[in-house]
file target_11.txt (compact mmCIF, C-alpha atoms and all ligand atoms)
# COMPACT_ATOMS: atom_id res chain seq x y z
CA MET A 1199 121.75 92.32 130.32
CA THR A 1200 124.08 95.25 129.81
CA ASN A 1201 123.19 97.71 127.09
CA SER A 1202 126.18 96.71 124.99
CA LYS A 1203 124.90 93.08 124.85
CA LYS A 1204 121.50 94.19 123.60
CA THR A 1205 120.80 94.42 119.91
CA LYS A 1206 120.20 97.88 118.46
CA SER A 1207 116.55 96.93 117.89
CA GLU A 1208 116.24 95.99 121.57
CA GLN A 1209 117.83 99.25 122.64
CA LEU A 1210 115.59 101.30 120.34
CA PHE A 1211 112.50 99.43 121.52
CA GLU A 1212 113.37 100.19 125.15
CA ARG A 1213 113.53 103.87 124.26
CA ALA A 1214 110.42 103.70 122.08
CA VAL A 1215 108.09 102.18 124.69
CA LYS A 1216 108.78 105.14 126.97
CA VAL A 1217 107.55 107.69 124.46
CA ILE A 1218 105.32 105.90 121.93
CA PRO A 1219 102.32 103.74 122.98
CA GLY A 1220 103.56 100.16 122.72
CA GLY A 1221 106.74 101.51 121.17
CA VAL A 1222 105.21 101.58 117.69
CA ASN A 1223 103.17 103.88 115.49
CA SER A 1224 100.79 101.13 114.33
CA PRO A 1225 99.85 98.10 116.46
CA VAL A 1226 100.60 95.39 113.94
CA ARG A 1227 104.27 96.48 113.96
CA ALA A 1228 104.63 95.57 117.62
CA PHE A 1229 105.38 91.85 117.01
CA GLY A 1230 103.50 91.11 120.25
CA SER A 1231 101.38 88.40 118.66
CA VAL A 1232 104.51 86.52 117.60
CA GLY A 1233 106.06 86.96 121.06
CA SER A 1234 108.88 89.14 119.83
CA ILE A 1235 109.89 92.78 119.50
CA PRO A 1236 109.93 94.99 116.39
CA LYS A 1237 112.84 94.91 114.01
CA PHE A 1238 113.84 98.52 113.53
CA ILE A 1239 114.36 98.88 109.80
CA LYS A 1240 117.12 101.15 108.59
CA ARG A 1241 116.87 100.82 104.84
CA ALA A 1242 115.33 98.84 102.00
CA ASP A 1243 116.29 98.20 98.40
CA SER A 1244 114.90 95.97 95.67
CA ASP A 1245 113.35 92.92 97.44
CA ARG A 1246 115.36 93.31 100.65
CA MET A 1247 115.42 95.26 103.93
CA TRP A 1248 118.11 95.74 106.56
CA ASP A 1249 117.52 96.36 110.22
CA GLU A 1250 119.55 98.59 112.57
CA ASP A 1251 121.69 95.58 113.53
CA GLY A 1252 122.67 94.97 109.92
CA ASN A 1253 120.48 91.84 109.54
CA GLU A 1254 119.32 91.37 105.96
CA TYR A 1255 115.82 90.15 105.11
CA ILE A 1256 114.03 89.17 101.90
CA ASP A 1257 110.90 91.26 102.41
CA PHE A 1258 107.35 89.98 101.87
CA VAL A 1259 105.53 92.81 103.65
CA CYS A 1260 106.51 95.38 101.01
CA SER A 1261 105.31 98.24 103.25
CA TRP A 1262 101.95 96.40 103.40
CA GLY A 1263 101.63 96.31 99.63
CA PRO A 1264 102.64 99.49 97.84
CA MET A 1265 106.16 98.39 96.92
CA ILE A 1266 104.77 96.41 94.02
CA MET A 1267 107.75 97.23 91.82
CA SER A 1268 110.61 97.41 94.26
CA HIS A 1269 111.86 99.07 97.38
CA ASN A 1270 113.72 102.27 96.60
CA SER A 1271 112.95 102.26 92.89
CA GLU A 1272 115.32 104.66 91.17
CA LEU A 1273 112.62 106.17 88.97
CA VAL A 1274 110.31 106.86 91.90
CA ARG A 1275 113.16 108.23 94.00
CA GLU A 1276 114.32 110.57 91.21
CA SER A 1277 110.74 111.88 90.73
CA VAL A 1278 110.48 112.59 94.46
CA ILE A 1279 113.80 114.43 94.55
CA LYS A 1280 112.77 116.52 91.54
CA ALA A 1281 109.42 117.38 93.14
CA CYS A 1282 111.14 118.34 96.42
CA GLU A 1283 113.26 120.89 94.57
CA ASN A 1284 110.05 122.85 93.87
CA GLY A 1285 108.83 122.82 97.47
CA LEU A 1286 107.20 120.29 99.77
CA SER A 1287 103.61 121.43 100.16
CA PHE A 1288 101.53 124.32 98.88
CA GLY A 1289 98.01 123.61 100.16
CA ALA A 1290 96.93 124.71 96.70
CA ALA A 1291 95.89 123.16 93.40
CA THR A 1292 98.73 121.67 91.31
CA ARG A 1293 99.29 120.27 87.81
CA ILE A 1294 100.50 116.94 89.13
CA GLU A 1295 97.29 116.15 91.02
CA VAL A 1296 95.32 116.72 87.81
CA GLU A 1297 97.65 114.32 86.01
CA MET A 1298 97.16 111.76 88.79
CA ALA A 1299 93.36 112.07 88.67
CA GLU A 1300 93.36 111.75 84.86
CA LEU A 1301 95.55 108.67 85.07
CA ILE A 1302 93.34 106.94 87.64
CA CYS A 1303 90.16 107.74 85.67
CA ASP A 1304 91.85 106.47 82.52
CA ILE A 1305 92.99 103.21 84.13
CA VAL A 1306 89.89 102.30 86.16
CA PRO A 1307 86.68 102.23 84.08
CA SER A 1308 84.33 102.54 87.09
CA ILE A 1309 85.94 105.83 88.11
CA ASP A 1310 84.78 109.07 86.46
CA MET A 1311 86.01 111.37 89.22
CA VAL A 1312 88.46 110.90 92.06
CA ARG A 1313 89.46 112.82 95.19
CA MET A 1314 92.94 112.42 96.67
CA VAL A 1315 93.37 111.98 100.44
CA ASN A 1316 96.26 110.86 102.66
CA SER A 1317 95.53 107.26 103.61
CA GLY A 1318 93.27 104.31 103.00
CA THR A 1319 91.50 105.06 106.28
CA GLU A 1320 90.59 108.52 105.04
CA ALA A 1321 89.59 107.22 101.61
CA VAL A 1322 87.15 104.68 103.03
CA MET A 1323 85.75 107.05 105.64
CA SER A 1324 85.08 109.63 102.93
CA ALA A 1325 83.60 107.09 100.50
CA ILE A 1326 81.15 105.98 103.19
CA ARG A 1327 80.16 109.58 103.90
CA THR A 1328 79.64 110.16 100.18
CA ALA A 1329 77.49 107.03 99.87
CA ARG A 1330 75.37 108.18 102.80
CA GLY A 1331 75.03 111.66 101.34
CA PHE A 1332 74.10 110.32 97.93
CA THR A 1333 71.52 107.78 99.09
CA GLY A 1334 70.17 109.73 102.06
CA ARG A 1335 70.49 106.51 104.07
CA ASP A 1336 72.60 105.84 107.18
CA LYS A 1337 73.25 102.12 107.49
CA ILE A 1338 76.17 100.30 105.94
CA ILE A 1339 77.10 96.63 105.69
CA LYS A 1340 80.66 95.46 106.19
CA PHE A 1341 82.03 91.93 106.45
CA SER A 1342 83.48 90.31 109.57
CA GLY A 1343 87.26 90.21 109.30
CA CYS A 1344 87.47 92.87 106.60
CA TYR A 1345 89.50 95.87 107.70
CA HIS A 1346 88.80 99.30 106.29
CA GLY A 1347 91.09 101.48 108.38
CA HIS A 1348 90.50 102.82 111.85
CA SER A 1349 87.67 105.33 111.46
CA ASP A 1350 85.04 104.94 114.19
CA CYS A 1351 82.15 103.45 112.23
CA LEU A 1352 84.32 100.73 110.67
CA LEU A 1353 86.02 99.39 113.80
CA VAL A 1354 83.48 96.62 114.08
CA LYS A 1355 84.60 92.99 113.75
CA ALA A 1356 87.66 94.37 111.97
CA GLY A 1357 90.65 92.39 110.75
CA SER A 1358 94.33 93.38 110.52
CA GLY A 1359 95.88 94.88 113.68
CA ALA A 1360 92.49 94.87 115.42
CA ILE A 1361 92.23 91.09 115.39
CA THR A 1362 95.97 90.63 115.84
CA GLN A 1363 95.59 92.47 119.14
CA GLY A 1364 92.38 90.52 119.86
CA VAL A 1365 90.25 93.66 119.94
CA PRO A 1366 88.14 93.67 116.79
CA ASP A 1367 85.88 96.27 118.40
CA SER A 1368 87.75 99.25 119.83
CA LEU A 1369 87.31 101.06 123.11
CA GLY A 1370 86.62 104.75 122.69
CA VAL A 1371 84.16 104.33 119.84
CA PRO A 1372 80.80 105.72 120.94
CA LYS A 1373 77.96 103.24 120.46
CA GLY A 1374 76.22 105.77 118.25
CA CYS A 1375 79.09 105.65 115.77
CA THR A 1376 78.70 101.94 115.10
CA ALA A 1377 74.91 101.69 115.50
CA ASP A 1378 74.51 101.89 111.73
CA THR A 1379 77.29 99.42 110.92
CA LEU A 1380 75.82 96.01 110.20
CA THR A 1381 78.06 92.99 109.70
CA ALA A 1382 77.65 90.11 107.29
CA GLU A 1383 79.82 87.03 106.71
CA PHE A 1384 82.36 87.15 103.86
CA ASN A 1385 81.31 84.77 101.05
CA SER A 1386 77.74 84.54 102.36
CA LEU A 1387 75.24 86.32 100.13
CA GLU A 1388 72.56 84.89 102.37
CA SER A 1389 73.86 86.89 105.33
CA VAL A 1390 73.72 90.05 103.20
CA GLU A 1391 70.20 89.33 101.91
CA LYS A 1392 69.04 88.80 105.48
CA ILE A 1393 70.18 92.30 106.48
CA PHE A 1394 68.51 93.87 103.45
CA THR A 1395 65.31 92.05 104.36
CA SER A 1396 65.46 93.58 107.85
CA TYR A 1397 66.33 97.09 106.60
CA PRO A 1398 64.98 97.31 103.01
CA ASN A 1399 65.24 101.09 102.63
CA ASP A 1400 67.99 102.01 105.08
CA ILE A 1401 71.24 100.67 103.65
CA ALA A 1402 73.45 103.23 101.96
CA ALA A 1403 76.28 100.90 100.97
CA VAL A 1404 77.91 97.52 101.17
CA ILE A 1405 81.67 97.84 101.60
CA VAL A 1406 83.96 94.92 100.87
CA GLU A 1407 87.60 94.08 100.24
CA PRO A 1408 87.06 92.18 96.96
CA VAL A 1409 89.84 89.86 98.07
CA ALA A 1410 89.91 89.98 101.84
CA ALA A 1411 93.50 90.50 102.92
CA ASN A 1412 93.22 91.62 106.52
CA MET A 1413 92.09 88.29 108.03
CA GLY A 1414 94.90 86.72 106.07
CA VAL A 1415 94.11 86.38 102.38
CA VAL A 1416 90.61 85.03 101.79
CA LEU A 1417 89.35 84.68 98.23
CA PRO A 1418 85.83 85.57 97.14
CA GLU A 1419 83.99 82.42 96.07
CA ASP A 1420 82.53 82.22 92.57
CA GLY A 1421 79.53 84.51 92.28
CA PHE A 1422 80.05 86.31 95.60
CA LEU A 1423 81.09 89.70 94.22
CA LYS A 1424 78.61 89.46 91.33
CA GLY A 1425 75.91 88.65 93.87
CA LEU A 1426 76.82 91.69 95.94
CA ARG A 1427 76.63 93.85 92.82
CA GLU A 1428 73.13 92.53 92.08
CA ILE A 1429 71.87 92.86 95.64
CA CYS A 1430 73.08 96.47 95.87
CA SER A 1431 71.60 97.45 92.50
CA LYS A 1432 68.27 95.81 93.36
CA ASN A 1433 68.05 97.63 96.69
CA GLY A 1434 69.30 101.09 95.72
CA ALA A 1435 72.45 100.70 97.81
CA LEU A 1436 75.97 101.50 96.60
CA LEU A 1437 78.69 98.89 96.30
CA ILE A 1438 82.05 100.14 97.60
CA PHE A 1439 85.22 98.20 96.86
CA ASP A 1440 88.05 98.77 99.31
CA GLU A 1441 90.98 98.24 96.96
CA VAL A 1442 93.65 99.52 99.33
CA ILE A 1443 95.43 96.18 98.95
CA THR A 1444 94.21 94.86 95.60
CA GLY A 1445 94.15 98.14 93.61
CA PHE A 1446 96.87 98.40 90.93
CA ARG A 1447 98.22 95.09 92.29
CA MET A 1448 96.10 92.22 91.01
CA GLN A 1449 96.23 93.89 87.62
CA ILE A 1450 96.41 97.51 86.54
CA ASP A 1451 92.67 98.03 87.15
CA GLY A 1452 92.71 96.07 90.38
CA ALA A 1453 90.34 93.40 91.64
CA GLN A 1454 87.41 95.04 89.87
CA GLY A 1455 89.13 94.50 86.53
CA TYR A 1456 90.22 91.00 87.53
CA PHE A 1457 86.70 89.91 88.48
CA GLY A 1458 84.86 92.11 85.97
CA ILE A 1459 82.65 93.84 88.55
CA ASN A 1460 82.02 97.59 88.55
CA PRO A 1461 81.59 99.04 92.04
CA ASP A 1462 79.91 102.42 92.46
CA LEU A 1463 82.77 103.76 94.59
CA THR A 1464 86.33 102.58 95.16
CA ALA A 1465 88.80 103.38 97.92
CA PHE A 1466 92.53 103.17 97.20
CA GLY A 1467 95.48 103.57 99.54
CA LYS A 1468 99.23 103.62 99.80
CA ILE A 1469 99.93 101.95 96.46
CA ILE A 1470 98.86 105.19 94.70
CA GLY A 1471 101.68 106.97 96.54
CA ALA A 1472 104.25 104.23 95.87
CA GLY A 1473 104.61 104.09 99.65
CA MET A 1474 104.15 107.80 100.38
CA PRO A 1475 101.09 108.70 102.52
CA VAL A 1476 98.34 108.74 99.89
CA GLY A 1477 94.81 107.47 99.48
CA ALA A 1478 92.00 108.24 97.06
CA TYR A 1479 88.32 107.58 96.57
CA GLY A 1480 86.42 107.80 93.36
CA GLY A 1481 83.58 106.44 91.31
CA ARG A 1482 80.52 107.34 89.30
CA ARG A 1483 80.29 110.99 88.33
CA ASP A 1484 76.76 111.49 89.72
CA ILE A 1485 77.93 110.18 93.10
CA MET A 1486 81.25 112.03 93.22
CA GLU A 1487 79.50 115.27 92.31
CA MET A 1488 78.05 115.12 95.83
CA VAL A 1489 81.51 115.94 97.25
CA ALA A 1490 82.30 119.53 98.34
CA PRO A 1491 82.72 122.07 96.88
CA LEU A 1492 80.43 120.69 94.14
CA GLY A 1493 77.99 119.03 96.52
CA GLY A 1494 77.02 118.92 100.16
CA VAL A 1495 79.27 116.07 101.36
CA TYR A 1496 82.15 117.79 103.13
CA GLN A 1497 85.69 116.42 102.97
CA ALA A 1498 88.99 118.33 102.95
CA GLY A 1499 92.74 118.22 103.71
CA THR A 1500 95.81 120.46 103.47
CA LEU A 1501 98.05 117.59 102.46
CA SER A 1502 95.60 115.97 100.03
CA GLY A 1503 97.25 115.71 96.62
CA ASN A 1504 100.60 116.69 98.14
CA PRO A 1505 103.00 117.31 95.23
CA VAL A 1506 105.82 115.11 96.54
CA ALA A 1507 103.48 112.20 97.24
CA MET A 1508 101.84 112.65 93.84
CA ALA A 1509 105.25 112.63 92.14
CA ALA A 1510 106.14 109.30 93.78
CA GLY A 1511 102.81 107.69 92.96
CA LEU A 1512 102.55 108.99 89.45
CA ALA A 1513 106.02 107.71 88.61
CA GLN A 1514 105.10 104.18 89.76
CA LEU A 1515 101.63 104.13 88.18
CA LYS A 1516 102.92 105.39 84.82
CA ILE A 1517 105.51 102.63 84.70
CA LEU A 1518 102.89 100.02 85.60
CA GLN A 1519 100.44 101.37 83.04
CA SER A 1520 102.97 101.39 80.23
CA HIS A 1521 104.31 97.89 81.02
CA PRO A 1522 101.41 95.43 81.08
CA GLU A 1523 104.01 92.67 80.78
CA TYR A 1524 105.12 93.47 84.35
CA TYR A 1525 101.80 92.17 85.68
CA ALA A 1526 102.05 89.03 83.55
CA GLU A 1527 105.58 88.44 84.89
CA LEU A 1528 104.64 89.23 88.48
CA ASN A 1529 101.57 87.02 88.51
CA ALA A 1530 103.38 84.13 86.79
CA LYS A 1531 106.26 84.41 89.27
CA ALA A 1532 103.90 84.59 92.24
CA ASP A 1533 101.82 81.65 90.94
CA LYS A 1534 104.97 79.53 90.69
CA PHE A 1535 106.18 80.62 94.11
CA PHE A 1536 102.90 79.89 95.86
CA GLU A 1537 102.58 76.57 93.98
CA ASN A 1538 106.04 75.57 95.25
CA LEU A 1539 104.98 76.65 98.72
CA ARG A 1540 101.82 74.57 98.39
CA ASN A 1541 103.92 71.50 97.50
CA VAL A 1542 105.99 71.95 100.64
CA VAL A 1543 102.93 72.48 102.77
CA GLN A 1544 101.22 69.39 101.33
CA LYS A 1545 104.27 67.31 102.20
CA ALA A 1546 104.12 68.73 105.71
CA GLY A 1547 100.68 67.24 106.37
CA LEU A 1548 97.07 68.22 106.47
CA ASN A 1549 97.06 71.02 108.98
CA TYR A 1550 97.76 73.91 106.63
CA GLN A 1551 95.76 75.99 104.20
CA LEU A 1552 97.45 78.13 101.60
CA ASN A 1553 95.23 80.83 100.13
CA HIS A 1554 96.65 82.57 97.11
CA ILE A 1555 95.59 84.83 94.29
CA SER A 1556 97.76 86.97 92.04
CA SER A 1557 100.74 88.28 94.06
CA LEU A 1558 98.99 87.83 97.45
CA GLY A 1559 98.94 84.83 99.71
CA SER A 1560 98.57 83.55 103.28
CA LEU A 1561 99.48 80.36 105.04
CA PHE A 1562 97.00 79.33 107.76
CA PHE A 1563 97.72 76.73 110.41
CA THR A 1564 94.40 74.92 110.34
CA ASP A 1565 92.86 71.87 108.69
CA GLU A 1566 89.72 73.83 107.76
CA PRO A 1567 89.47 75.55 104.37
CA VAL A 1568 89.60 79.29 105.09
CA ASN A 1569 86.81 81.18 103.36
CA ASN A 1570 85.62 83.64 105.99
CA PHE A 1571 86.51 85.19 109.35
CA ILE A 1572 85.21 82.21 111.35
CA SER A 1573 87.47 79.76 109.53
CA ALA A 1574 90.42 82.22 109.48
CA LYS A 1575 90.25 82.35 113.27
CA THR A 1576 90.68 78.55 113.50
CA SER A 1577 94.32 79.04 112.53
CA ASN A 1578 96.69 78.14 115.33
CA THR A 1579 98.38 81.50 115.96
CA ASN A 1580 101.00 79.93 118.26
CA LYS A 1581 102.15 77.81 115.34
CA TYR A 1582 102.14 80.89 113.12
CA ALA A 1583 104.29 82.70 115.70
CA ALA A 1584 106.85 79.87 115.78
CA TYR A 1585 106.92 79.74 111.95
CA CYS A 1586 107.26 83.51 111.73
CA ASN A 1587 110.21 83.70 114.13
CA ALA A 1588 111.93 80.79 112.40
CA MET A 1589 111.57 82.64 109.09
CA TYR A 1590 113.07 85.84 110.58
CA ASN A 1591 116.02 83.77 111.77
CA LYS A 1592 116.50 82.62 108.19
CA GLY A 1593 116.47 86.20 106.89
CA ILE A 1594 112.92 86.27 105.61
CA TYR A 1595 110.60 89.08 106.69
CA ILE A 1596 106.91 88.17 106.78
CA ALA A 1597 104.06 89.92 108.57
CA PRO A 1598 104.23 89.58 112.38
CA SER A 1599 100.59 88.51 112.33
CA GLN A 1600 98.59 85.59 110.99
CA PHE A 1601 95.95 87.98 109.77
CA GLU A 1602 97.89 89.79 107.06
CA ALA A 1603 99.01 89.03 103.51
CA MET A 1604 102.32 87.96 102.04
CA PHE A 1605 103.15 90.27 99.11
CA VAL A 1606 105.33 89.33 96.13
CA SER A 1607 106.82 92.22 94.15
CA ILE A 1608 108.28 92.57 90.68
CA ALA A 1609 111.70 92.89 92.31
CA HIS A 1610 111.61 89.47 93.99
CA SER A 1611 114.25 87.42 92.21
CA GLU A 1612 113.72 83.77 91.39
CA GLU A 1613 116.84 83.01 93.40
CA ASN A 1614 115.43 84.70 96.52
CA LEU A 1615 112.03 83.05 96.07
CA ASN A 1616 113.78 79.68 95.95
CA ILE A 1617 115.69 80.56 99.12
CA VAL A 1618 112.32 81.13 100.79
CA ILE A 1619 110.93 77.79 99.59
CA ASN A 1620 113.98 76.00 100.99
CA ALA A 1621 113.63 77.90 104.25
CA VAL A 1622 109.96 76.90 104.56
CA LYS A 1623 110.97 73.26 103.91
CA GLU A 1624 113.49 73.43 106.75
CA VAL A 1625 110.98 75.06 109.09
CA LEU A 1626 107.93 72.91 108.35
CA LEU A 1627 109.24 69.49 107.26
N1 LIG B 1 96.05 97.54 107.29
C1 LIG B 1 97.37 97.41 106.85
C2 LIG B 1 97.77 96.01 106.94
N2 LIG B 1 96.88 95.15 106.40
C3 LIG B 1 98.27 98.40 107.48
C4 LIG B 1 99.16 97.93 108.53
C5 LIG B 1 98.99 98.71 109.78
O1 LIG B 1 97.90 98.68 110.33
O2 LIG B 1 99.98 99.29 110.18

call {"tool": "encode", "arguments": {"input": "target_11.txt", "output": "structure tokens", "more": "lines below"}}
Ligand code: HOZ
result
Amino acid sequence: MTNSKKTKSEQLFERAVKVIPGGVNSPVRAFGSVGSIPKFIKRADSDRMWDEDGNEYIDFVCSWGPMIMSHNSELVRESVIKACENGLSFGAATRIEVEMAELICDIVPSIDMVRMVNSGTEAVMSAIRTARGFTGRDKIIKFSGCYHGHSDCLLVKAGSGAITQGVPDSLGVPKGCTADTLTAEFNSLESVEKIFTSYPNDIAAVIVEPVAANMGVVLPEDGFLKGLREICSKNGALLIFDEVITGFRMQIDGAQGYFGINPDLTAFGKIIGAGMPVGAYGGRRDIMEMVAPLGGVYQAGTLSGNPVAMAAGLAQLKILQSHPEYYAELNAKADKFFENLRNVVQKAGLNYQLNHISSLGSLFFTDEPVNNFISAKTSNTNKYAAYCNAMYNKGIYIAPSQFEAMFVSIAHSEENLNIVINAVKEVLL
């Protein structure tokens, strides 16, 4: 094919693979698991994105969650421009990071102190280190299929891009780094108890996505999170919630507010930066006082609390905090959307599972209820790939992987949500 016959995305991908591993800066963007190539996105606004070829998509990836209000929100954009006028980075303390920390502590009752970092990966890695420093113990428990970023000790039976690529345990991670990572089954308190029985005094923390959203969306069953809280308290281990996806999304105080469970530490990610590179970890004062320079747990970063990123995040969080009705509207809209989707899927037959909570959902191509990693993996990923490509052709952008979430934002219009339902009908029925 001559270059002029190729789409701009094809041309860019050809250039990209020569200079970027796999042509992408994060594996799940590669579209390999849906047998396609990346769509190179040029711009986004409201609930839509446009690629380099001018194709328009209704977007349900929402930059993997943080665009809870809208793409290119005017208020966020104006705050960023204003912050840029004062300089891009100082590597020094600023007023705006204090305001951000105060806001987070005000919104999330379990958080007395918080440290800003640059990504969810960093937030989780640092929370784990803090838990180990606080308890003086080394082992941690994570759940199969939960994804907590790509730090060495957590790349064990991981979801998201790791499972999309079929490599839930990465090469290049020394055995020693994962020797203290123990894995339990999501929604099985028994599997957690078993590990505590084997290592009664060695477990520093249990880390969990309160709603798993990196093996597709998998809901915690009744009593699961409460049970984890009790097991951790009984055994002197810390409970860490990874709220990179659920934080400030399910409701203003995240999944912990939704389910009424107080973790000891929480990790947040991109949603705090409204899409800018931001993460944060925080929790009980006595635990967070272990972090340097107050305590002996070292963690640092020139760009942590970057003023431009803080300006973006603070603008979004302030709007969300002062408009509780936005969450009511978003959740009602998402409930209706996923209910309509469920009706279509039920008409289509028995081989689908739709998991949904708040503004998150996933469609699995399996007849088994999906409540953990084992059942998530029964989904027929070839069928997902066909569905996914058919949706792209209809102008709907969903994750190029079975093992991710579909995100609804405040900006999604009823009209566009109905377009999606009609598209799914055409694809599945
Ligand atoms: N973990 C995120 C998706 N669930 C980030 C996507 C990525 O890995 O690029």

call {"tool": "closest_residue", "arguments": {"input": "target_11.txt", "among": "A:Cys1260, A:Cys1303, A:Ala1360, A:Met1267", "to": "Pro1225 (chain A)", "atoms": "all atoms listed in the file"}}
result
A:Ala1360

call {"tool": "residues_around", "arguments": {"input": "target_11.txt", "residues": "region 1436-1441 of chain A", "least_positions_apart": "4", "cutoff": "8 Å", "atoms": "all atoms listed in the file", "output": "PyMOL selection string"}}
result
chain A and resi 1322+1325+1329+1346+1402-1408+1426-1427+1430-1431+1445+1452-1454+1461-1467

call {"tool": "residues_near_ligand", "arguments": {"input": "target_11.txt", "ligand": "ligand LIG 1 (chain B)", "cutoff": "6 Å", "atoms": "all atoms listed in the file", "output": "list in words"}}
result
Ser1224, Val1226, Trp1262, Ser1358, Gly1359, Asn1412 and Glu1602 of chain A

call {"tool": "write_last_selection", "arguments": {"input": "target_11.txt", "atoms": "C-alpha atoms", "output": "mmCIF file, in the coordinates of the input"}}
result
data_model
loop_
_atom_site.group_PDB
_atom_site.id
_atom_site.type_symbol
_atom_site.label_atom_id
_atom_site.label_comp_id
_atom_site.auth_asym_id
_atom_site.auth_seq_id
_atom_site.Cartn_x
_atom_site.Cartn_y
_atom_site.Cartn_z
ATOM 1 C CA SER A 1224 100.790 101.130 114.330
ATOM 2 C CA VAL A 1226 100.600 95.390 113.940
ATOM 3 C CA TRP A 1262 101.950 96.400 103.400
ATOM 4 C CA SER A 1358 94.330 93.380 110.520
ATOM 5 C CA GLY A 1359 95.880 94.880 113.680
ATOM 6 C CA ASN A 1412 93.220 91.620 106.520
ATOM 7 C CA GLU A 1602 97.890 89.790 107.060
#

call {"tool": "atom_distance", "arguments": {"input": "target_11.txt", "atom1": "CA of Tyr1595 (chain A)", "atom2": "CA of Val1259 (chain A)"}}
result
7.0 Å

call {"tool": "residues_near_point", "arguments": {"input": "target_11.txt", "point": "(94.8, 79.5, 103.9)", "cutoff": "8 Å", "atoms": "only C-alpha atoms", "output": "list of chain:residue names"}}
result
A:Gly1414, A:Val1415, A:Val1416, A:Tyr1550, A:Gln1551, A:Leu1552, A:Asn1553, A:His1554, A:Gly1559, A:Ser1560, A:Leu1561, A:Phe1562, A:Phe1563, A:Thr1564, A:Pro1567, A:Val1568, A:Ala1574

call {"tool": "residues_around", "arguments": {"input": "target_11.txt", "residues": "region 1369-1379 of chain A", "least_positions_apart": "3", "cutoff": "8 Å", "atoms": "all atoms listed in the file", "output": "VMD selection string"}}
result
chain A and resid 1336 to 1340 1350 to 1354

call {"tool": "closest_residue", "arguments": {"input": "target_11.txt", "among": "A:Asn1541, A:Ser1342, A:Asn1253, A:Thr1333", "to": "Lys1237 (chain A)", "atoms": "only C-alpha atoms"}}
result
A:Asn1253

call {"tool": "closest_residue", "arguments": {"input": "target_11.txt", "among": "A:Leu1518, A:Met1474, A:Val1606, A:Ala1597", "to": "Phe1446 (chain A)", "atoms": "only C-alpha atoms"}}
result
A:Leu1518

call {"tool": "residues_around", "arguments": {"input": "target_11.txt", "residues": "region 1264-1266 of chain A", "least_positions_apart": "5", "cutoff": "10 Å", "atoms": "all atoms listed in the file", "output": "compact mmCIF listing (two decimals) with C-alpha atoms, in the frame of the given file"}}
result
# COMPACT_ATOMS: atom_id res chain seq x y z
CA SER A 1244 114.90 95.97 95.67
CA ASP A 1245 113.35 92.92 97.44
CA PHE A 1258 107.35 89.98 101.87
CA VAL A 1259 105.53 92.81 103.65
CA SER A 1271 112.95 102.26 92.89
CA VAL A 1442 93.65 99.52 99.33
CA ILE A 1443 95.43 96.18 98.95
CA THR A 1444 94.21 94.86 95.60
CA GLY A 1445 94.15 98.14 93.61
CA PHE A 1446 96.87 98.40 90.93
CA ARG A 1447 98.22 95.09 92.29
CA GLY A 1467 95.48 103.57 99.54
CA LYS A 1468 99.23 103.62 99.80
CA ILE A 1469 99.93 101.95 96.46
CA ILE A 1470 98.86 105.19 94.70
CA GLY A 1471 101.68 106.97 96.54
CA ALA A 1472 104.25 104.23 95.87
CA GLY A 1473 104.61 104.09 99.65
CA MET A 1474 104.15 107.80 100.38
CA GLY A 1511 102.81 107.69 92.96
CA GLN A 1514 105.10 104.18 89.76
CA LEU A 1518 102.89 100.02 85.60
CA TYR A 1525 101.80 92.17 85.68
CA LEU A 1528 104.64 89.23 88.48
CA SER A 1557 100.74 88.28 94.06
CA PHE A 1605 103.15 90.27 99.11
CA VAL A 1606 105.33 89.33 96.13
CA SER A 1607 106.82 92.22 94.15
CA ILE A 1608 108.28 92.57 90.68
CA ALA A 1609 111.70 92.89 92.31
CA HIS A 1610 111.61 89.47 93.99

call {"tool": "residues_around", "arguments": {"input": "target_11.txt", "residues": "Glu1254 (chain A)", "least_positions_apart": "4", "cutoff": "10 Å", "atoms": "all atoms listed in the file", "output": "VMD selection string"}}
result
chain A and resid 1239 1241 to 1242 1246 to 1250 1590 1592 to 1595

call {"tool": "write_last_selection", "arguments": {"input": "target_11.txt", "atoms": "C-alpha atoms", "output": "PDB file, in the coordinates of the input"}}
result
ATOM      1  CA  ILE A1239     114.360  98.880 109.800  1.00  0.00           C
ATOM      2  CA  ARG A1241     116.870 100.820 104.840  1.00  0.00           C
ATOM      3  CA  ALA A1242     115.330  98.840 102.000  1.00  0.00           C
ATOM      4  CA  ARG A1246     115.360  93.310 100.650  1.00  0.00           C
ATOM      5  CA  MET A1247     115.420  95.260 103.930  1.00  0.00           C
ATOM      6  CA  TRP A1248     118.110  95.740 106.560  1.00  0.00           C
ATOM      7  CA  ASP A1249     117.520  96.360 110.220  1.00  0.00           C
ATOM      8  CA  GLU A1250     119.550  98.590 112.570  1.00  0.00           C
ATOM      9  CA  TYR A1590     113.070  85.840 110.580  1.00  0.00           C
ATOM     10  CA  LYS A1592     116.500  82.620 108.190  1.00  0.00           C
ATOM     11  CA  GLY A1593     116.470  86.200 106.890  1.00  0.00           C
ATOM     12  CA  ILE A1594     112.920  86.270 105.610  1.00  0.00           C
ATOM     13  CA  TYR A1595     110.600  89.080 106.690  1.00  0.00           C
TER      14      TYR A1595
END

call {"tool": "atom_distance", "arguments": {"input": "target_11.txt", "atom1": "CA of Met1413 (chain A)", "atom2": "CA of Gln1600 (chain A)"}}
result
7.6 Å

call {"tool": "decode", "arguments": {"input": "target_11.txt", "residues": "region 1207-1212 of chain A", "atoms": "C-alpha atoms", "output": "short mmCIF file (atom, residue, chain, number, x, y, z; two decimals), in the first residue's frame"}}
result
data_model
loop_
_atom_site.label_atom_id
_atom_site.label_comp_id
_atom_site.auth_asym_id
_atom_site.auth_seq_id
_atom_site.Cartn_x
_atom_site.Cartn_y
_atom_site.Cartn_z
CA SER A 1207 -2.85 6.59 12.31
CA GLU A 1208 -1.25 3.83 10.21
CA GLN A 1209 1.50 6.18 9.06
CA LEU A 1210 2.18 7.39 12.60
CA PHE A 1211 2.21 3.84 13.93
CA GLU A 1212 4.79 2.84 11.31
#
